[in-house]
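One structure is given here, and the rest of the page talks about it.
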Amino acid sequence: MMKTFFLIAPIAWRNLWRRGTRTVLTMVTVALAVASMMILGSFMRSWGQSAFDRTVAAMNAHGQIHARGFMDDPTLEYSMPPPSTALLQALNNPSIKAWAPRVVASAMVRSERESAPVRVYGINPQREARLSFVSKAVAQGRYFTEPADSGVLLGRLLVDRLQVKLGHRVVLTAQDAKGDIAEIGVKVIGIYQGQPELEKFAVYLPITQAQTFLGLDRRSSEIAYLANRREQVSSVTAMLRAAAPDLDVRSWSELQPFTRAIIEITDNTNAIWGFVSFALVAFGLVNTLLMAVYERLREFGLLQALGMKPAWLLMQIMLESCFLVIPATLSGAVVGAAVILSFSDGLNLGSWGAGARMIGASQVLYPQFDLRQTGIACAVVIGLSILASIYPAVRAARRVPVDVITRAQV
Amino acid sequence: MTAIIQCKDVSKTYNNGAIEVSALRDVSLTISSAEFVSLSGPSGCGKTTLLNIIGGLDRPSAGDVLVEGASLNTKSNSQLADIRLRRIGYVFQAYNLIPVLSALENVEFIMQLQGLELKQRRERSMAILHSVGLDGMENRRPAELSGGQQQRVAVARAIVSDPAIVLADEPTANLDSRNSNELLELMQRLNNEKNITFVVATHDPKVLQFTGRHIQMLDGQIVAPQN
Amino acid sequence: MILSLAWRNLWRRRRRTIASLTAIALTCVIVIFLPALQSGSYGAMIRSANGLLDGYAQIQRRDFLDKPAMRLSFSVNKTVSSAIAELPAGVQVVPRDISYALLSSRKRSLGAQVMGVNAELENRVSTIPGRIISGQYLHADNHIVLGDALARNLQVNLGETVDMLGMARDGSLAVDVLTVAGIFRTGMRELDRQLVQIKLARFDQTFAMQGQRHALVIGSNTDAALLHQAVTTLERSLSGTGLVVHDWKKLQAGVYYSIQLDMVSGIFMYLILIVIVTASLLNNMMMSAMERTREFGMMMALGVKPGLLGRIVWTEIVLMSGLGTLLGMLLGSAITLWYSVNGLHFESVQAVFEQFGMSSTLYPELTPLTLLAGPAVVAGSLILAGLAPVYRLFHLQIIAAMRSV
């Protein structure tokens, strides 16, 4: 068997180059399709991934736990006591990377000159640091040191609007847990930036201060959690649900249908593009192979007359297809990888950034080179191409009528 | 008898990569009008090469060919094409006809290229097809005609515009003996009745029975009759 | 003659020609339908984004868009009024004031964006008056309308009162009590959860505006060309006054740029598609010519010049490209027209469309551009690629050709 292979393989290879232009053209289309699938795929994936990452970092995490009724009426009426032993045990499971309790309330912030509506997040600084972006986003001043710290963190855009500076005081007004209007004056100890949407309305207090201000004792509005890997989110969510049947546990895909939709769109676009571009390439490929077979019918007849088995002819054609497709696919993959890696500093969407944020992407897209995905795509292309070559190969191996073989030449 | 074709010391050498092949060596030859000439010899003797050069399909490495007194060496490719269109008729061994045109259209094709009007073309084509005995076959495509019939259409096309000479390269090689005979009889008849000059390259000895003049070639030279 | 020869030559290899025609037609369908879908959805996005609340353009103080501070107001003085009077008939301009306040019902307090509007004129530029789902729009002086999510969260019903606590223009407290006249639903979360509207006069009083305005909104429900002209005229008339005219591309920057992004990535994909198809078909064309080398050699032997031969082959290519493109356009326009009437449903990605205030049904828009642009490029690139096999003919050697298999 191997001997036959080594006999036929060089013939198959040389046969490809009898019609050099044709072979090159076909290889170019395959390479182009593969490269475009890779490049598009990686940008789409990075878009989906960045939408996901932004959502997670922007206070959403992988999932959240609330008291029942909170989702419909997100007020302090639906607050939770500190986690039960069962829940605590579940939360400390190694598959959960981080978790943090939070107080969430609607309020108004007032400076000397302006006022604005805000959402107050009372956070546990150390826990929150592993969960969201705030701890790394403080550009001026400082972050909180402990839950019992005091002061407020405002976003840069809000600070501009309120016309305050670091060290100034602002007044927060909100409805507390008993339903009365509560007010608190706080000093601006830090200014954060990097999340334009959040900057406009999210203010942060240390959780103990927030609980006192809002009359919550040790209750909280939500617990946010992060699984170790995105793939583990649903199992982690299920585990937490089982540990706290009286609470409302939801993962990000339920909480953020927008992000989920983006990821669906990007995945679907990839799939459709892959299908369409490959269908066209397959069309060209089968065509090329059929032509290659038809024009050599006499030659195949001759070979059969000389004693070559039809099965070997079949193998020869399929080998020709392999030798055509495999180098083309690999070069397409290399080109695709080169393009992707050339954007390792990210594709800055420039002035399109505003639009990009609206559809979930960030200002800078980092296309990812996923070796596994690339490998799978290449394998699929090669596999399908070999499949496509079966029909022409079968035609080649059929018995060729004698008069075709002996047709005289000038 | 006017000289239609004059070959003067025609030589042709091919460079086949590293090897030089001498296909023709100092061939000199005159063909006059209304002659029916055969060029015969074994494979590789140079008869096809000579025919190609006479017809302007190829250029000699040395020497010259005069067609109706005009030297081919001085003609550009475009002018050679014109000469082939108007003054020389061709019949090949196979693949003579344009597959997508009917017999009638194949014959008309030459005249279309020459710019003749529809009515004229039609009349002449029908007449020619009649004279080669293909009445009723005008609208058939080559695939629907037998080998012998295809060759007759080829002859019809070759003579339809009154060429100075008709060159035939192994016209009977693909035909059985009955069809061969019919074709050769046709050519003989045309030569007698219409004084059309034919030069037939062949290795079929049967052809020699029909031709008036025999030229034998070997290894690129004419060996008989001695000139 | 050339035409007839070329046409018949096309059909010698029936299956191959049909396969090629199919590939061309399908590619054309794709480059008609998808751009039409894009174009239709952009139109819907822009219309709904503009028609909802922001209008086609707004006149504001220079920095107001980025920092909507109370004191960045302006008076509608003679310059401004005459600039507006100059605008072509049909262009609607309405005044607005904007601020923030804490709203309290009996049970709850929440922050909200308060918008002072001219209740009679507002429906000329915004669809909110038409989106009242219970009660009615602003009528009496002390009326307020709220988004439905806000009303629900405040747990307030029609006829009940809400207390409003905010900051006036001069820095003093702005306090008022208003009666809920109506509840609206836009489908956009931010608006339904945060927007309330009260009468302009009331706003002026409560927030001490002293007749000044924050914005003049130019409505989008007239001819786009007219509006564009209006904006240009306004920019000229208002230069030097400290007022600017922001058109929707600034007001809805997100919409604008996401449209651009989508267009560019679309074009990228279509081009690659066309290149792949052209390369595949080029292969076909070259092979087709090569198969007939012997025949071409024979024709040249008969006296046909390479130029004529080239024209024959070229005509075949043009015929095939043209026929395929035509079929593609017929099929593509049929499909697009059908969906332009019946709509394309996208259930699962509802959430994205909500963001733009659109329904999850898209209607492709068949315009001369979407119908012709794509197929023109397809046909053009095929015909251009067809030059290659034609070029080869010019270098055909007669004898070698006739000897080929």
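By order of appearance in the structure tokens: chains A, B, ..., then residues from 1 within every chain, and ligands from 1 in the order shown.
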For this session: Please identify all polymer residues within 10 Å of B:Gly136, counting only C-alpha atoms, omitting same-chain residues fewer than 5 positions from it, and present them as a PyMOL selection string.
Result: chain B and resi 126+129-130
Exercise. Which residues of chain B are close to chain A, meaning at most 9 Å apart when you count only C-alpha atoms, and how do they look as a list in words?
Worked result: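 Residues of chain B within 9 Å of chain A, counting only C-alpha atoms: Gln93, Ala94 and Asn174 of chain B.
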Would you export the selected residues with C-alpha atoms as an mmCIF file, in the first residue's frame, please?
```
data_model
loop_
_atom_site.group_PDB
_atom_site.id
_atom_site.type_symbol
_atom_site.label_atom_id
_atom_site.label_comp_id
_atom_site.auth_asym_id
_atom_site.auth_seq_id
_atom_site.Cartn_x
_atom_site.Cartn_y
_atom_site.Cartn_z
ATOM 1 C CA GLN B 93 -7.439 14.821 -41.353
ATOM 2 C CA ALA B 94 -9.936 15.600 -38.577
ATOM 3 C CA ASN B 174 -9.821 8.419 -40.564
#
```
For this session: Just list the residues in stretch 86-172 of chain A DSSP gives strand (DSSP E) on the backbone, as a ChimeraX atom specification.
Result: /A:96-110,115-123,138-141,152-155,169-172
Seminar exercise, completed: Expressed in Å, the length from atom CA of B:Arg140 to atom CA of B:Glu105 is 9.6 Å
Any chance you could tabulate, as a tab-separated table, the residues of chain C at most 7 Å from chain B with each one's nearest atom pair and distance in Å to one decimal, using only C-alpha atoms, in chain and rising number order?
```
residue	atom	partner	partner_atom	distance
C:Arg8	CA	B:Val100	CA	6.1
C:Asn9	CA	B:Val100	CA	6.5
C:Glu295	CA	B:Tyr95	CA	6.9
C:Met298	CA	B:Asn96	CA	6.9
C:Ala301	CA	B:Leu57	CA	6.6
C:Leu302	CA	B:Leu85	CA	5.7
C:Gly303	CA	B:Leu85	CA	4.2
C:Val304	CA	B:Ala81	CA	6.7
C:Lys305	CA	B:Ala81	CA	6.4
C:Ile398	CA	B:Leu57	CA	6.8
C:Ile399	CA	B:Leu57	CA	6.9
```
Any chance you can output those residues with C-alpha atoms as a tab-separated table (two decimals), in the first residue's frame?
```tsv
chain	number	residue	atom	x	y	z
C	8	ARG	CA	-23.94	28.57	-29.36
C	9	ASN	CA	-20.48	28.03	-27.95
C	295	GLU	CA	-10.54	24.31	-33.03
C	298	MET	CA	-8.14	25.25	-37.33
C	301	ALA	CA	-5.64	28.11	-40.50
C	302	LEU	CA	-8.76	28.96	-42.44
C	303	GLY	CA	-7.88	32.61	-42.28
C	304	VAL	CA	-9.58	33.83	-39.13
C	305	LYS	CA	-7.40	36.45	-37.53
C	398	ILE	CA	-1.41	27.83	-35.25
C	399	ILE	CA	0.44	24.61	-35.73
```
For this session: Pick out the residues sitting within 6 Å of B:Val37, and hand them over as JSON, numbers by chain; count only C-alpha atoms, and ignore anything fewer than 2 positions along from it in its own chain.
Result: {"B": [35, 199, 211, 213, 214]}
Could you write out that same residue set with C-alpha atoms as a short mmCIF file (atom, residue, chain, number, x, y, z; two decimals), in the first residue's frame?
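See selection-v2.cif below for the written result:
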```cif
data_model
loop_
_atom_site.label_atom_id
_atom_site.label_comp_id
_atom_site.auth_asym_id
_atom_site.auth_seq_id
_atom_site.Cartn_x
_atom_site.Cartn_y
_atom_site.Cartn_z
CA GLU B 35 -2.81 19.68 -61.09
CA VAL B 199 -2.21 18.92 -53.21
CA THR B 211 -3.65 11.70 -58.27
CA ARG B 213 1.32 13.60 -60.15
CA HIS B 214 3.20 11.81 -57.38
#
```
Counting only C-alpha atoms, which residues of chain C sit at most 7 Å from some atom of chain A, and what is each one's closest atom pair with its distance in Å to one decimal, listed by chain and rising residue number, as CSV?
```
residue,atom,partner,partner_atom,distance
C:Lys67,CA,A:Arg161,CA,5.3
C:Ala69,CA,A:Glu114,CA,6.7
C:Tyr100,CA,A:Ala116,CA,5.7
C:Leu102,CA,A:Met108,CA,6.4
C:Lys107,CA,A:Gly179,CA,6.5
C:Arg108,CA,A:Gly179,CA,6.7
C:Ser109,CA,A:Gln175,CA,5.6
C:Leu110,CA,A:Ser106,CA,6.0
C:Gly111,CA,A:Pro117,CA,4.9
C:Ala112,CA,A:Pro117,CA,6.4
C:Asn153,CA,A:Asp73,CA,5.9
C:Met167,CA,A:Ser115,CA,6.5
C:Gly171,CA,A:Arg113,CA,6.0
C:Ala253,CA,A:Ala354,CA,6.3
C:Gly254,CA,A:Gly355,CA,3.9
C:Val255,CA,A:Gly355,CA,6.0
C:Tyr256,CA,A:Gly355,CA,6.6
C:Tyr257,CA,A:Gly355,CA,4.0
C:Ser258,CA,A:Gly355,CA,4.0
C:Leu261,CA,A:Trp352,CA,6.7
C:Leu273,CA,A:Ser277,CA,6.7
C:Ile276,CA,A:Thr29,CA,5.5
C:Val277,CA,A:Leu280,CA,6.6
C:Ala279,CA,A:Thr29,CA,6.4
C:Ser280,CA,A:Gly284,CA,4.8
C:Asn283,CA,A:Arg22,CA,5.9
C:Ser348,CA,A:Ala261,CA,6.9
C:Val349,CA,A:Ala261,CA,4.8
C:Ala351,CA,A:Phe258,CA,4.8
C:Val352,CA,A:Phe258,CA,5.4
C:Arg403,CA,A:Val410,CA,6.1
```
Writer output for current selection, N, CA and C atoms, as a compact mmCIF listing (two decimals), in the first residue's frame:
```
# COMPACT_ATOMS: atom_id res chain seq x y z
N LYS C 67 -21.95 68.61 28.31
CA LYS C 67 -22.19 68.89 29.73
C LYS C 67 -23.50 69.64 29.85
N ALA C 69 -25.40 71.41 31.50
CA ALA C 69 -25.59 72.19 32.74
C ALA C 69 -26.74 73.15 32.56
N TYR C 100 -32.64 67.75 35.72
CA TYR C 100 -32.80 66.50 36.47
C TYR C 100 -33.41 66.80 37.80
N LEU C 102 -35.31 64.84 41.53
CA LEU C 102 -35.72 63.65 42.27
C LEU C 102 -37.25 63.66 42.31
N LYS C 107 -44.69 56.29 47.86
CA LYS C 107 -43.85 55.22 48.39
C LYS C 107 -42.38 55.32 48.00
N ARG C 108 -42.11 55.95 46.86
CA ARG C 108 -40.75 55.84 46.34
C ARG C 108 -40.19 57.18 45.90
N SER C 109 -38.86 57.22 45.81
CA SER C 109 -38.19 58.38 45.24
C SER C 109 -37.16 57.90 44.23
N LEU C 110 -37.19 58.52 43.08
CA LEU C 110 -36.22 58.15 42.04
C LEU C 110 -35.79 59.38 41.27
N GLY C 111 -34.56 59.34 40.76
CA GLY C 111 -34.08 60.44 39.94
C GLY C 111 -34.62 60.31 38.53
N ALA C 112 -34.83 61.44 37.87
CA ALA C 112 -35.34 61.39 36.50
C ALA C 112 -34.87 62.60 35.71
N ASN C 153 -41.92 51.84 38.71
CA ASN C 153 -40.96 51.83 39.82
C ASN C 153 -41.34 52.82 40.91
N MET C 167 -32.72 71.34 41.06
CA MET C 167 -31.98 72.57 41.23
C MET C 167 -32.31 73.52 40.12
N GLY C 171 -29.37 78.30 40.95
CA GLY C 171 -28.71 77.60 42.05
C GLY C 171 -29.62 77.33 43.22
N ALA C 253 -24.63 59.92 17.87
CA ALA C 253 -23.32 59.53 17.32
C ALA C 253 -23.19 58.02 17.27
N GLY C 254 -23.75 57.37 18.30
CA GLY C 254 -23.65 55.92 18.33
C GLY C 254 -24.29 55.30 17.10
N VAL C 255 -25.49 55.81 16.76
CA VAL C 255 -26.18 55.27 15.58
C VAL C 255 -25.35 55.51 14.32
N TYR C 256 -24.90 56.75 14.20
CA TYR C 256 -24.14 57.11 13.00
C TYR C 256 -22.92 56.23 12.81
N TYR C 257 -22.14 56.10 13.87
CA TYR C 257 -20.91 55.35 13.71
C TYR C 257 -21.14 53.86 13.59
N SER C 258 -22.18 53.35 14.22
CA SER C 258 -22.40 51.92 14.04
C SER C 258 -22.87 51.63 12.62
N LEU C 261 -19.64 51.61 10.57
CA LEU C 261 -18.92 50.37 10.84
C LEU C 261 -19.53 49.22 10.07
N LEU C 273 -16.05 38.16 -1.48
CA LEU C 273 -16.93 37.23 -2.16
C LEU C 273 -16.76 37.34 -3.67
N ILE C 276 -13.49 35.87 -4.87
CA ILE C 276 -13.49 34.40 -4.89
C ILE C 276 -14.26 33.89 -6.10
N VAL C 277 -15.45 34.46 -6.32
CA VAL C 277 -16.25 33.99 -7.46
C VAL C 277 -15.54 34.25 -8.78
N ALA C 279 -12.35 34.52 -9.36
CA ALA C 279 -11.21 33.62 -9.55
C ALA C 279 -11.70 32.24 -9.99
N SER C 280 -12.75 31.75 -9.36
CA SER C 280 -13.28 30.44 -9.73
C SER C 280 -13.74 30.43 -11.18
N ASN C 283 -11.02 30.46 -13.82
CA ASN C 283 -10.55 29.11 -14.09
C ASN C 283 -11.37 28.45 -15.18
N SER C 348 -34.36 36.30 18.11
CA SER C 348 -33.42 36.11 19.21
C SER C 348 -32.56 37.35 19.49
N VAL C 349 -32.44 38.26 18.49
CA VAL C 349 -31.57 39.39 18.78
C VAL C 349 -32.38 40.66 19.02
N ALA C 351 -32.94 42.23 21.63
CA ALA C 351 -32.32 43.17 22.55
C ALA C 351 -31.46 44.22 21.83
N VAL C 352 -30.79 43.80 20.77
CA VAL C 352 -29.95 44.77 20.05
C VAL C 352 -30.82 45.82 19.38
N ARG C 403 -2.07 20.80 -33.09
CA ARG C 403 -1.55 19.52 -32.65
C ARG C 403 -1.98 19.18 -31.24
```
For this session: Step one, run DSSP on the backbone; step two, keep only residues of stretch 36-277 of chain A assigned to alpha helix (DSSP H); then write them as number ranges by chain.
Result: A: 36-55, 85-91, 125-129, 134-137, 156-162, 196-201, 207-213, 233-243, 252-255, 257-277
